[in-house]
>>> print(open('input-v9.tsv').read())   # TSV, C-alpha atoms
chain	number	residue	atom	x	y	z
U	1240	MET	CA	22.82	-55.07	-6.26
U	1241	ARG	CA	23.49	-53.90	-2.74
U	1242	SER	CA	26.34	-51.65	-1.64
U	1243	GLY	CA	28.94	-52.83	0.88
U	1244	THR	CA	28.78	-49.62	2.91
U	1245	ARG	CA	27.51	-50.01	6.46
U	1246	LEU	CA	24.32	-48.19	7.48
U	1247	SER	CA	26.05	-46.33	10.31
U	1248	GLU	CA	28.85	-45.39	7.93
U	1249	ARG	CA	26.35	-43.88	5.51
U	1250	TRP	CA	24.76	-41.83	8.28
U	1251	PHE	CA	28.19	-40.70	9.48
U	1252	ASN	CA	28.99	-39.62	5.91
U	1253	ARG	CA	25.76	-37.64	5.75
U	1254	ALA	CA	26.59	-35.99	9.07
U	1255	LEU	CA	30.05	-35.12	7.78
U	1256	TRP	CA	28.54	-33.61	4.63
U	1257	LEU	CA	26.35	-31.52	6.91
U	1258	VAL	CA	29.51	-30.41	8.73
U	1259	ALA	CA	31.05	-29.52	5.36
U	1260	LEU	CA	28.02	-27.44	4.39
U	1261	LEU	CA	27.94	-25.67	7.75
U	1262	PHE	CA	31.65	-24.97	7.51
U	1263	ALA	CA	31.15	-23.64	3.97
U	1264	GLY	CA	28.24	-21.46	5.13
U	1265	CYS	CA	30.33	-19.87	7.88
U	1266	LEU	CA	33.21	-19.23	5.48
U	1267	ILE	CA	30.82	-17.79	2.87
U	1268	GLY	CA	29.33	-15.41	5.42
U	1269	LEU	CA	32.77	-14.31	6.59
U	1270	GLY	CA	34.01	-13.95	3.01
U	1271	SER	CA	30.94	-11.92	2.03
U	1272	LEU	CA	31.65	-9.47	4.84
U	1273	VAL	CA	35.28	-9.13	3.79
U	1274	VAL	CA	34.47	-8.74	0.08
U	1275	GLY	CA	31.72	-6.24	0.87
U	1276	ASP	CA	34.01	-4.16	3.11
U	1277	LEU	CA	36.91	-4.05	0.66
U	1278	PRO	CA	35.59	-0.87	-1.08
U	1279	GLU	CA	35.95	0.91	2.26
U	1280	VAL	CA	39.75	0.81	1.90
U	1281	GLU	CA	39.38	3.79	-0.48
U	1282	GLN	CA	37.35	6.94	-0.02
U	1283	ARG	CA	34.49	7.20	-2.49
U	1284	PHE	CA	34.73	10.14	-4.89
U	1285	THR	CA	32.12	12.91	-5.11
U	1286	LEU	CA	31.36	15.44	-7.82
U	1287	ASP	CA	32.53	18.33	-5.63
U	1288	ARG	CA	36.07	16.96	-5.67
U	1289	PHE	CA	36.41	17.43	-9.44
U	1290	LEU	CA	34.72	20.82	-9.83
U	1291	ASP	CA	36.77	23.87	-10.84
U	1292	HIS	CA	35.92	25.71	-7.64
U	1293	PRO	CA	37.02	29.24	-8.65
U	1294	GLN	CA	34.88	29.15	-11.79
U	1295	SER	CA	32.09	27.22	-10.08
U	1296	ASP	CA	31.98	29.66	-7.15
U	1297	ALA	CA	31.93	32.63	-9.53
U	1298	SER	CA	29.17	31.04	-11.58
U	1299	THR	CA	27.15	30.24	-8.46
U	1300	ALA	CA	27.56	33.81	-7.18
U	1301	ALA	CA	26.51	35.21	-10.57
U	1302	LEU	CA	23.42	32.99	-10.61
U	1303	THR	CA	22.56	34.05	-7.07
U	1304	GLN	CA	22.84	37.71	-8.05
U	1305	ILE	CA	20.69	37.14	-11.14
U	1306	HIS	CA	18.03	35.44	-9.03
U	1307	ARG	CA	18.04	38.36	-6.61
U	1308	GLU	CA	17.65	40.82	-9.47
U	1309	GLN	CA	14.84	38.70	-10.91
U	1310	GLU	CA	13.05	38.71	-7.58
U	1311	ASP	CA	13.46	42.50	-7.31
U	1312	ASN	CA	12.32	42.99	-10.89
U	1313	GLY	CA	9.31	40.75	-10.30
U	1314	ARG	CA	8.37	42.71	-7.19
U	1315	ARG	CA	8.69	46.03	-9.06
U	1316	THR	CA	6.66	44.63	-11.97
U	1317	THR	CA	3.91	43.60	-9.56
U	1318	GLU	CA	3.88	47.06	-7.99
U	1319	ALA	CA	3.81	48.72	-11.42
U	1320	GLN	CA	0.95	46.49	-12.53
U	1321	LEU	CA	-1.06	47.47	-9.47
U	1322	ALA	CA	-0.32	51.14	-10.13
U	1323	LEU	CA	-1.32	50.74	-13.77
U	1324	ASP	CA	-4.58	49.08	-12.79
U	1325	ALA	CA	-5.31	51.93	-10.38
U	1326	ALA	CA	-4.42	54.56	-13.02
U	1327	ARG	CA	-6.61	52.90	-15.62
U	1328	ALA	CA	-9.47	52.71	-13.14
U	1329	ALA	CA	-9.09	56.39	-12.28
U	1330	SER	CA	-8.87	57.32	-15.94
U	1331	ALA	CA	-11.98	55.27	-16.80
U	1332	SER	CA	-13.88	56.85	-13.91
U	1333	GLU	CA	-12.88	60.33	-14.98
U	1334	GLN	CA	-13.84	59.53	-18.57
U	1335	ASP	CA	-17.31	58.47	-17.46
U	1336	THR	CA	-17.68	61.60	-15.31
U	1337	PHE	CA	-16.56	63.79	-18.19
U	1338	ALA	CA	-19.03	62.17	-20.58
U	1339	ASN	CA	-21.92	62.68	-18.16
U	1340	TRP	CA	-20.90	66.27	-17.57
U	1341	LEU	CA	-20.90	66.98	-21.30
U	1342	LYS	CA	-24.47	65.75	-21.63
U	1343	THR	CA	-25.77	68.19	-19.04
U	1344	ARG	CA	-23.66	71.15	-20.14
U	1345	ASP	CA	-25.29	74.29	-21.60
U	1346	ALA	CA	-25.17	73.84	-25.42
U	1347	THR	CA	-24.94	77.54	-26.11
U	1348	GLN	CA	-21.76	78.18	-24.11
U	1349	ARG	CA	-18.55	78.56	-26.11
U	1350	VAL	CA	-16.15	75.68	-25.67
U	1351	ASP	CA	-12.91	77.67	-25.75
U	1352	GLN	CA	-14.19	79.98	-23.02
U	1353	ASP	CA	-15.47	77.23	-20.73
U	1354	PRO	CA	-13.03	76.95	-17.79
U	1355	GLY	CA	-14.71	73.76	-16.47
U	1356	LEU	CA	-14.34	71.92	-19.78
U	1357	ILE	CA	-10.70	72.92	-20.06
U	1358	ALA	CA	-9.97	71.75	-16.48
U	1359	ARG	CA	-11.71	68.40	-16.93
U	1360	THR	CA	-9.95	67.82	-20.25
U	1361	GLN	CA	-6.60	68.64	-18.68
U	1362	LYS	CA	-7.27	66.29	-15.80
U	1363	LEU	CA	-8.20	63.49	-18.17
U	1364	ASP	CA	-5.03	64.13	-20.17
U	1365	ASP	CA	-2.98	64.00	-16.98
U	1366	LEU	CA	-4.50	60.63	-16.05
U	1367	LYS	CA	-3.75	59.24	-19.52
U	1368	ALA	CA	-0.19	60.55	-19.27
U	1369	ALA	CA	0.18	58.79	-15.91
U	1370	GLU	CA	-1.04	55.58	-17.55
U	1371	ARG	CA	1.52	55.91	-20.34
U	1372	THR	CA	4.27	56.59	-17.83
U	1373	ILE	CA	3.48	53.40	-15.88
U	1374	GLU	CA	3.18	51.41	-19.13
U	1375	GLU	CA	6.63	52.64	-20.16
U	1376	GLN	CA	7.95	51.56	-16.76
U	1377	MET	CA	6.40	48.11	-17.20
U	1378	ALA	CA	7.91	47.82	-20.67
U	1379	ALA	CA	11.31	48.66	-19.21
U	1380	LEU	CA	10.78	46.09	-16.46
U	1381	ALA	CA	9.76	43.49	-19.05
U	1382	LYS	CA	12.90	44.18	-21.06
U	1383	ALA	CA	14.98	43.93	-17.88
U	1384	SER	CA	13.29	40.61	-17.08
U	1385	LEU	CA	14.12	39.31	-20.58
U	1386	ASP	CA	17.73	40.41	-20.17
U	1387	LEU	CA	17.92	38.68	-16.80
U	1388	SER	CA	16.47	35.47	-18.31
U	1389	GLU	CA	19.08	35.53	-21.06
U	1390	ARG	CA	21.86	36.12	-18.52
U	1391	GLU	CA	20.48	33.28	-16.40
U	1392	ALA	CA	20.38	30.91	-19.40
U	1393	THR	CA	23.98	31.78	-20.28
U	1394	GLN	CA	25.11	31.30	-16.70
U	1395	VAL	CA	23.22	27.98	-16.41
U	1396	GLN	CA	24.98	26.75	-19.55
U	1397	THR	CA	28.31	27.69	-18.01
U	1398	GLU	CA	27.37	25.89	-14.78
U	1399	ASP	CA	26.23	22.81	-16.72
U	1400	ALA	CA	29.48	22.76	-18.71
U	1401	LEU	CA	31.49	22.89	-15.48
U	1402	ARG	CA	29.45	20.10	-13.94
U	1403	SER	CA	29.58	17.98	-17.11
U	1404	SER	CA	33.35	18.26	-17.18
U	1405	ALA	CA	33.52	17.39	-13.47
U	1406	GLN	CA	31.11	14.47	-14.01
U	1407	ALA	CA	33.30	13.06	-16.78
U	1408	ARG	CA	36.36	13.24	-14.52
U	1409	LEU	CA	34.34	11.70	-11.66
U	1410	GLU	CA	33.22	8.76	-13.83
U	1411	ALA	CA	36.77	8.16	-15.05
U	1412	ALA	CA	38.15	8.25	-11.49
U	1413	SER	CA	35.30	6.03	-10.20
U	1414	SER	CA	35.98	3.54	-12.99
U	1415	ARG	CA	39.65	3.37	-12.04
U	1416	GLN	CA	38.69	3.04	-8.39
U	1417	ASP	CA	36.23	0.23	-9.14
U	1418	LEU	CA	38.97	-1.53	-11.09
U	1419	ARG	CA	41.34	-1.23	-8.14
U	1420	VAL	CA	38.68	-2.51	-5.73
U	1421	PHE	CA	38.02	-5.39	-8.12
U	1422	GLY	CA	41.76	-6.09	-8.00
U	1423	TYR	CA	41.59	-6.20	-4.19
U	1424	ARG	CA	38.69	-8.64	-4.37
U	1425	LEU	CA	40.49	-10.75	-6.97
U	1426	ALA	CA	43.66	-10.78	-4.86
U	1427	PHE	CA	41.55	-12.04	-1.95
U	1428	THR	CA	39.41	-14.66	-3.70
U	1429	LEU	CA	41.74	-16.07	-6.40
U	1430	PRO	CA	44.37	-17.49	-3.99
U	1431	LEU	CA	41.55	-19.08	-1.99
U	1432	LEU	CA	40.21	-20.69	-5.17
U	1433	VAL	CA	43.68	-21.97	-6.13
U	1434	LEU	CA	44.19	-23.31	-2.61
U	1435	ALA	CA	40.77	-24.98	-2.73
U	1436	GLY	CA	41.68	-26.66	-6.03
U	1437	TRP	CA	44.95	-27.92	-4.56
U	1438	LEU	CA	43.17	-29.24	-1.47
U	1439	LEU	CA	40.62	-31.06	-3.61
U	1440	LEU	CA	43.37	-32.68	-5.64
U	1441	LYS	CA	45.58	-33.64	-2.70
U	1442	ARG	CA	43.46	-33.81	0.43
U	1443	ARG	CA	39.90	-34.73	-0.50
U	1444	HIS	CA	40.42	-38.39	0.45
U	1445	THR	CA	41.87	-37.68	3.90
U	1446	ARG	CA	39.90	-37.94	7.12
U	1447	ASN	CA	39.47	-34.14	7.12
U	1448	TRP	CA	37.58	-34.18	3.80
U	1449	PRO	CA	34.51	-32.32	5.21
U	1450	PHE	CA	36.64	-29.24	5.84
U	1451	VAL	CA	38.33	-29.59	2.46
U	1452	TRP	CA	34.98	-29.68	0.66
U	1453	GLY	CA	33.56	-26.92	2.85
U	1454	PHE	CA	36.53	-24.68	2.08
U	1455	ALA	CA	36.27	-25.53	-1.64
U	1456	LEU	CA	32.55	-24.66	-1.73
U	1457	ALA	CA	33.16	-21.37	0.08
U	1458	ALA	CA	36.06	-20.46	-2.24
U	1459	ALA	CA	34.00	-21.27	-5.34
U	1460	PHE	CA	31.07	-19.24	-4.03
U	1461	GLY	CA	33.31	-16.29	-3.20
U	1462	PHE	CA	34.92	-16.29	-6.64
U	1463	PHE	CA	31.96	-17.04	-8.90
U	1464	VAL	CA	29.15	-15.36	-6.91
U	1465	GLU	CA	30.79	-12.64	-4.81
U	1466	LEU	CA	33.42	-11.56	-7.34
U	1467	VAL	CA	31.93	-12.02	-10.83
U	1468	PRO	CA	29.16	-9.37	-10.41
U	1469	TYR	CA	31.90	-6.76	-9.83
U	1470	LEU	CA	33.72	-7.71	-13.03
U	1471	PRO	CA	34.15	-4.56	-15.16
U	1472	SER	CA	31.81	-4.61	-18.15
U	1473	TYR	CA	33.20	-2.26	-20.80
U	1474	GLY	CA	30.06	-2.75	-22.86
U	1475	GLY	CA	29.87	-6.50	-22.18
U	1476	TYR	CA	33.17	-7.30	-23.88
U	1477	VAL	CA	34.86	-8.31	-20.63
U	1478	GLN	CA	32.09	-10.70	-19.51
U	1479	TYR	CA	31.85	-12.43	-22.86
U	1480	GLY	CA	35.63	-12.46	-23.23
U	1481	VAL	CA	36.15	-13.98	-19.79
U	1482	GLY	CA	33.32	-16.44	-20.44
U	1483	LEU	CA	34.90	-17.45	-23.75
U	1484	ILE	CA	38.33	-17.94	-22.18
U	1485	ALA	CA	36.87	-19.88	-19.24
U	1486	THR	CA	34.86	-22.07	-21.61
U	1487	LEU	CA	37.92	-22.77	-23.75
U	1488	VAL	CA	40.07	-23.59	-20.73
U	1489	ALA	CA	37.39	-25.76	-19.09
U	1490	GLY	CA	36.56	-27.47	-22.39
U	1491	ARG	CA	40.19	-28.14	-23.16
U	1492	SER	CA	40.76	-29.52	-19.67
U	1493	ALA	CA	37.68	-31.75	-19.99
U	1494	ILE	CA	38.82	-33.03	-23.39
U	1495	GLN	CA	42.30	-33.80	-22.06
U	1496	ALA	CA	40.84	-35.46	-18.94
U	1497	LEU	CA	38.56	-37.58	-21.11
U	1498	GLY	CA	41.51	-38.55	-23.32
U	1499	ARG	CA	43.60	-39.56	-20.30
U	1500	TYR	CA	40.68	-41.50	-18.87
U	1501	MET	CA	40.15	-43.40	-22.12
U	1502	GLU	CA	43.86	-44.20	-22.33
U	1503	ARG	CA	43.83	-45.49	-18.75
U	1504	GLN	CA	40.77	-47.59	-19.47
U	1505	ARG	CA	42.29	-49.08	-22.61
U	1506	ALA	CA	45.50	-49.86	-20.73
U	1507	GLU	CA	43.45	-51.31	-17.87
U	1508	GLU	CA	41.42	-53.53	-20.17
U	1509	ALA	CA	44.62	-54.79	-21.82
U	1510	ARG	CA	45.88	-56.16	-18.49
U	1511	PRO	CA	45.04	-59.69	-17.34
U	1512	LYS	CA	41.72	-60.13	-15.59
U	1513	GLU	CA	43.38	-61.48	-12.45
U	1514	GLU	CA	45.45	-58.35	-12.00
U	1515	ARG	CA	42.47	-56.06	-12.53
U	1516	ARG	CA	40.36	-58.15	-10.17
U	1517	SER	CA	42.97	-58.04	-7.41
U	1518	GLU	CA	43.20	-54.22	-7.54
U	1519	LEU	CA	39.48	-53.50	-7.43
U	1520	VAL	CA	38.18	-52.13	-4.14
U	1521	THR	CA	35.25	-54.20	-2.92
U	1522	ASP	CA	33.05	-51.33	-1.74
U	1523	GLN	CA	33.72	-49.37	-4.91
U	1524	ALA	CA	32.92	-52.42	-7.04
U	1525	LEU	CA	29.63	-52.96	-5.21
U	1526	VAL	CA	28.67	-49.32	-5.69
U	1527	ARG	CA	29.31	-49.60	-9.43
U	1528	LEU	CA	27.37	-52.84	-9.66
U	1529	ALA	CA	24.49	-51.10	-7.87
U	1530	LYS	CA	24.53	-48.65	-10.79
U	1531	LYS	CA	24.47	-51.61	-13.23
U	1532	VAL	CA	27.90	-50.89	-14.66
U	1533	CYS	CA	31.06	-53.00	-14.78
U	1534	PRO	CA	33.31	-52.41	-11.74
U	1535	SER	CA	36.37	-52.39	-14.02
U	1536	CYS	CA	35.48	-50.72	-17.34
U	1537	GLU	CA	32.32	-48.93	-16.08
U	1538	ARG	CA	30.28	-49.97	-19.13
U	1539	PRO	CA	26.62	-51.03	-18.70
U	1540	ILE	CA	25.87	-54.65	-17.75
U	1541	ASP	CA	22.52	-56.39	-17.79
U	1542	LEU	CA	22.50	-57.72	-14.21
U	1543	THR	CA	18.91	-58.95	-14.51
U	1544	ASP	CA	20.06	-61.74	-16.82
U	1545	SER	CA	20.94	-64.76	-14.66
U	1546	LYS	CA	23.35	-65.98	-17.32
U	1547	THR	CA	25.51	-62.83	-17.14
U	1548	ASN	CA	28.53	-63.78	-15.07
U	1549	PHE	CA	31.22	-61.81	-16.92
U	1550	CYS	CA	31.42	-58.33	-18.33
U	1551	PRO	CA	30.85	-58.60	-22.08
U	1552	HIS	CA	33.15	-55.59	-22.63
U	1553	CYS	CA	36.28	-56.35	-20.62
U	1554	GLY	CA	35.73	-59.94	-19.51
U	1555	ILE	CA	36.08	-59.46	-15.76
U	1556	GLY	CA	33.98	-61.79	-13.61
U	1557	VAL	CA	31.11	-60.19	-11.74
U	1558	PHE	CA	29.23	-63.34	-10.58
U	1559	GLU	CA	30.42	-66.78	-9.51
U	1560	ARG	CA	29.19	-69.94	-7.83
U	1561	CYS	CA	29.81	-70.39	-4.12
U	1562	PRO	CA	32.23	-73.33	-3.73
U	1563	ALA	CA	30.33	-74.48	-0.64
U	1564	CYS	CA	26.65	-74.29	-1.69
U	1565	SER	CA	26.88	-73.54	-5.43
U	1566	GLU	CA	24.59	-70.50	-5.10
U	1567	ARG	CA	25.21	-67.69	-7.59
U	1568	LYS	CA	26.69	-64.68	-5.80
U	1569	SER	CA	28.69	-61.54	-6.55
U	1570	SER	CA	32.38	-62.13	-7.07
U	1571	PHE	CA	33.08	-59.19	-4.79
U	1572	ASP	CA	31.13	-60.44	-1.76
U	1573	ARG	CA	33.41	-61.69	1.00
U	1574	PHE	CA	30.75	-64.06	2.34
U	1575	CYS	CA	28.09	-66.07	0.59
U	1576	PHE	CA	24.63	-64.72	1.35
U	1577	SER	CA	23.21	-68.27	1.30
U	1578	CYS	CA	25.61	-70.30	3.44
U	1579	GLY	CA	28.01	-67.69	4.85
U	1580	HIS	CA	31.06	-69.28	3.27
U	1581	HIS	CA	34.08	-66.95	3.26
U	1582	SER	CA	35.48	-66.19	-0.15
U	1583	GLU	CA	39.25	-66.09	0.15
U	1584	HIS	CA	39.85	-64.24	-3.11
U	1585	ALA	CA	37.36	-61.44	-2.32
U	1586	ILE	CA	39.26	-58.29	-1.46
U	1587	SER	CA	37.94	-55.93	1.15
U	1588	VAL	CA	39.64	-52.57	1.07
U	1589	PRO	CA	37.61	-49.74	2.62
U	1590	VAL	CA	37.15	-46.62	0.59
U	1591	THR	CA	39.59	-44.00	1.87
U	1592	LEU	CA	37.94	-40.89	3.28
>>> encode(input="input-v9.tsv", output="structure tokens")
Amino acid sequence: MRSGTRLSERWFNRALWLVALLFAGCLIGLGSLVVGDLPEVEQRFTLDRFLDHPQSDASTAALTQIHREQEDNGRRTTEAQLALDAARAASASEQDTFANWLKTRDATQRVDQDPGLIARTQKLDDLKAAERTIEEQMAALAKASLDLSEREATQVQTEDALRSSAQARLEAASSRQDLRVFGYRLAFTLPLLVLAGWLLLKRRHTRNWPFVWGFALAAAFGFFVELVPYLPSYGGYVQYGVGLIATLVAGRSAIQALGRYMERQRAEEARPKEERRSELVTDQALVRLAKKVCPSCERPIDLTDSKTNFCPHCGIGVFERCPACSERKSSFDRFCFSCGHHSEHAISVPVTL
């Protein structure tokens, strides 16, 4: 079953849909820029804003001083280690010299009267004493290093506590700011969505329908694509809650719309066939017949059966015989395709755009 729409009209409709899509694309781009720039209306918070600066400055200064003392202690430890290595080397050398000297010494000489032995022993003792002195210094430096490490750990804990407290306040303030920015976005996109819904209900059949549909597409994109990702999560409760409410509202609206549609169809089918036939729009009827459904009740019809002239569900006539040539033709054709006879009862009302 062919449609009654002209070829040029179909191409014009496609061109107008292209206009609607282009219009929607421009609005979407403009809306994306606006929605993306809305956070700039408020200054973004930083951690430094929420720090307790007197305590933080004191803690930072204490850490700086500790690091300086650690560097100085490390330098002194390095110097002491070098001195200890040198003292141990000197002591080891003197020990070797003393041992060799003992081997070559006269065995008969008395030890307590040997000035050389006493001097060498005293020198060796002095070297060992120098070693012990440096080792004691290194032990003191090691203890100082341990004390500095403990002070540093304590100060780092204090610094971390200050920053953790500031971070908690920053997150709370950022959350409130994100909620406000979301409110700005909602205040921008929700009225557009409401306006788009009103335009679709009241103006989608006017001659400016491409702009109505383009605006509706842009508003829907801005609300459901540009806005929804910024919806506060709160652990997922908000998304699922909003989804549940939206599903309930949409489902309820669909159920009510279906109920109203069924009531209209039952009331329509209860009316006389002549009245229903006179109110059917020819182009709309041909489109429905092309889909193999009844133009009146929209139930399926077997159009391939040559004996099917009436809808078996509502009884409206869909085929008839041409009074001039008796060819079987659609009841909604204004002219017979076989002989060109004009059908006076065929109604031709163009679909309103």
>>> residues_around(input="input-v9.tsv", residues="Gly1270 of chain U", least_positions_apart="3", cutoff="12 Å", atoms="only C-alpha atoms", output="list in words")
Ala1263, Gly1264, Cys1265, Leu1266, Ile1267, Val1273, Val1274, Gly1275, Asp1276, Leu1277, Arg1424, Phe1427, Thr1428, Leu1431, Phe1454, Leu1456, Ala1457, Ala1458, Ala1459, Phe1460, Gly1461, Phe1462, Val1464, Glu1465 and Leu1466 of chain U
>>> residues_around(input="input-v9.tsv", residues="Gly1453 of chain U", least_positions_apart="6", cutoff="7 Å", atoms="all atoms listed in the file", output="JSON, numbers by chain")
{"U": [1259, 1260, 1262, 1263]}
>>> closest_residue(input="input-v9.tsv", among="U:Gly1498, U:Gly1556, U:Pro1539, U:Gly1490", to="Phe1571 of chain U", atoms="all atoms listed in the file")
U:Gly1556
>>> residues_around(input="input-v9.tsv", residues="segment 1293-1304 of chain U", least_positions_apart="2", cutoff="8 Å", atoms="only C-alpha atoms", output="MDAnalysis selection string")
chainID U and resid 1290:1291 1306:1308 1391 1394:1395 1397:1398 1401
>>> closest_residue(input="input-v9.tsv", among="U:Lys1530, U:Arg1419, U:His1552, U:Lys1367", to="Leu1323 of chain U", atoms="only C-alpha atoms")
U:Lys1367
>>> residues_near_point(input="input-v9.tsv", point="(34.0, 2.9, -6.8)", cutoff="9 Å", atoms="only C-alpha atoms", output="count of residues only")
14
>>> residues_around(input="input-v9.tsv", residues="segment 1502-1506 of chain U", least_positions_apart="3", cutoff="12 Å", atoms="all atoms listed in the file", output="VMD selection string")
chain U and resid 1495 to 1499 1509 to 1511 1515 1534 to 1538 1552 to 1553
>>> residues_around(input="input-v9.tsv", residues="segment 1315-1320 of chain U", least_positions_apart="3", cutoff="9 Å", atoms="all atoms listed in the file", output="PyMOL selection string")
chain U and resi 1310-1312+1323-1325+1373-1374+1376-1377+1380-1381
>>> axis_aligned_box(input="input-v9.tsv", around="segment 1290-1296 of chain U", padding_each_side="8 Å", output="JSON")
{"center_x": 34.5, "center_y": 25.2, "center_z": -9.5, "size_x": 21.0, "size_y": 24.8, "size_z": 20.6}
>>> atom_distance(input="input-v9.tsv", atom1="atom CA of Thr1543 of chain U", atom2="atom CA of Arg1567 of chain U")
12.8 Å
>>> atom_distance(input="input-v9.tsv", atom1="atom CA of Ala1368 of chain U", atom2="atom CA of Leu1321 of chain U")
16.4 Å
>>> closest_residue(input="input-v9.tsv", among="U:Arg1314, U:Arg1527, U:His1444, U:Arg1560", to="Cys1578 of chain U", atoms="all atoms listed in the file")
U:Arg1560
>>> atom_distance(input="input-v9.tsv", atom1="atom CA of Phe1289 of chain U", atom2="atom CA of Leu1409 of chain U")
6.5 Å
>>> closest_residue(input="input-v9.tsv", among="U:Leu1286, U:Arg1327, U:Tyr1469, U:Val1433", to="Ser1403 of chain U", atoms="all atoms listed in the file")
U:Leu1286
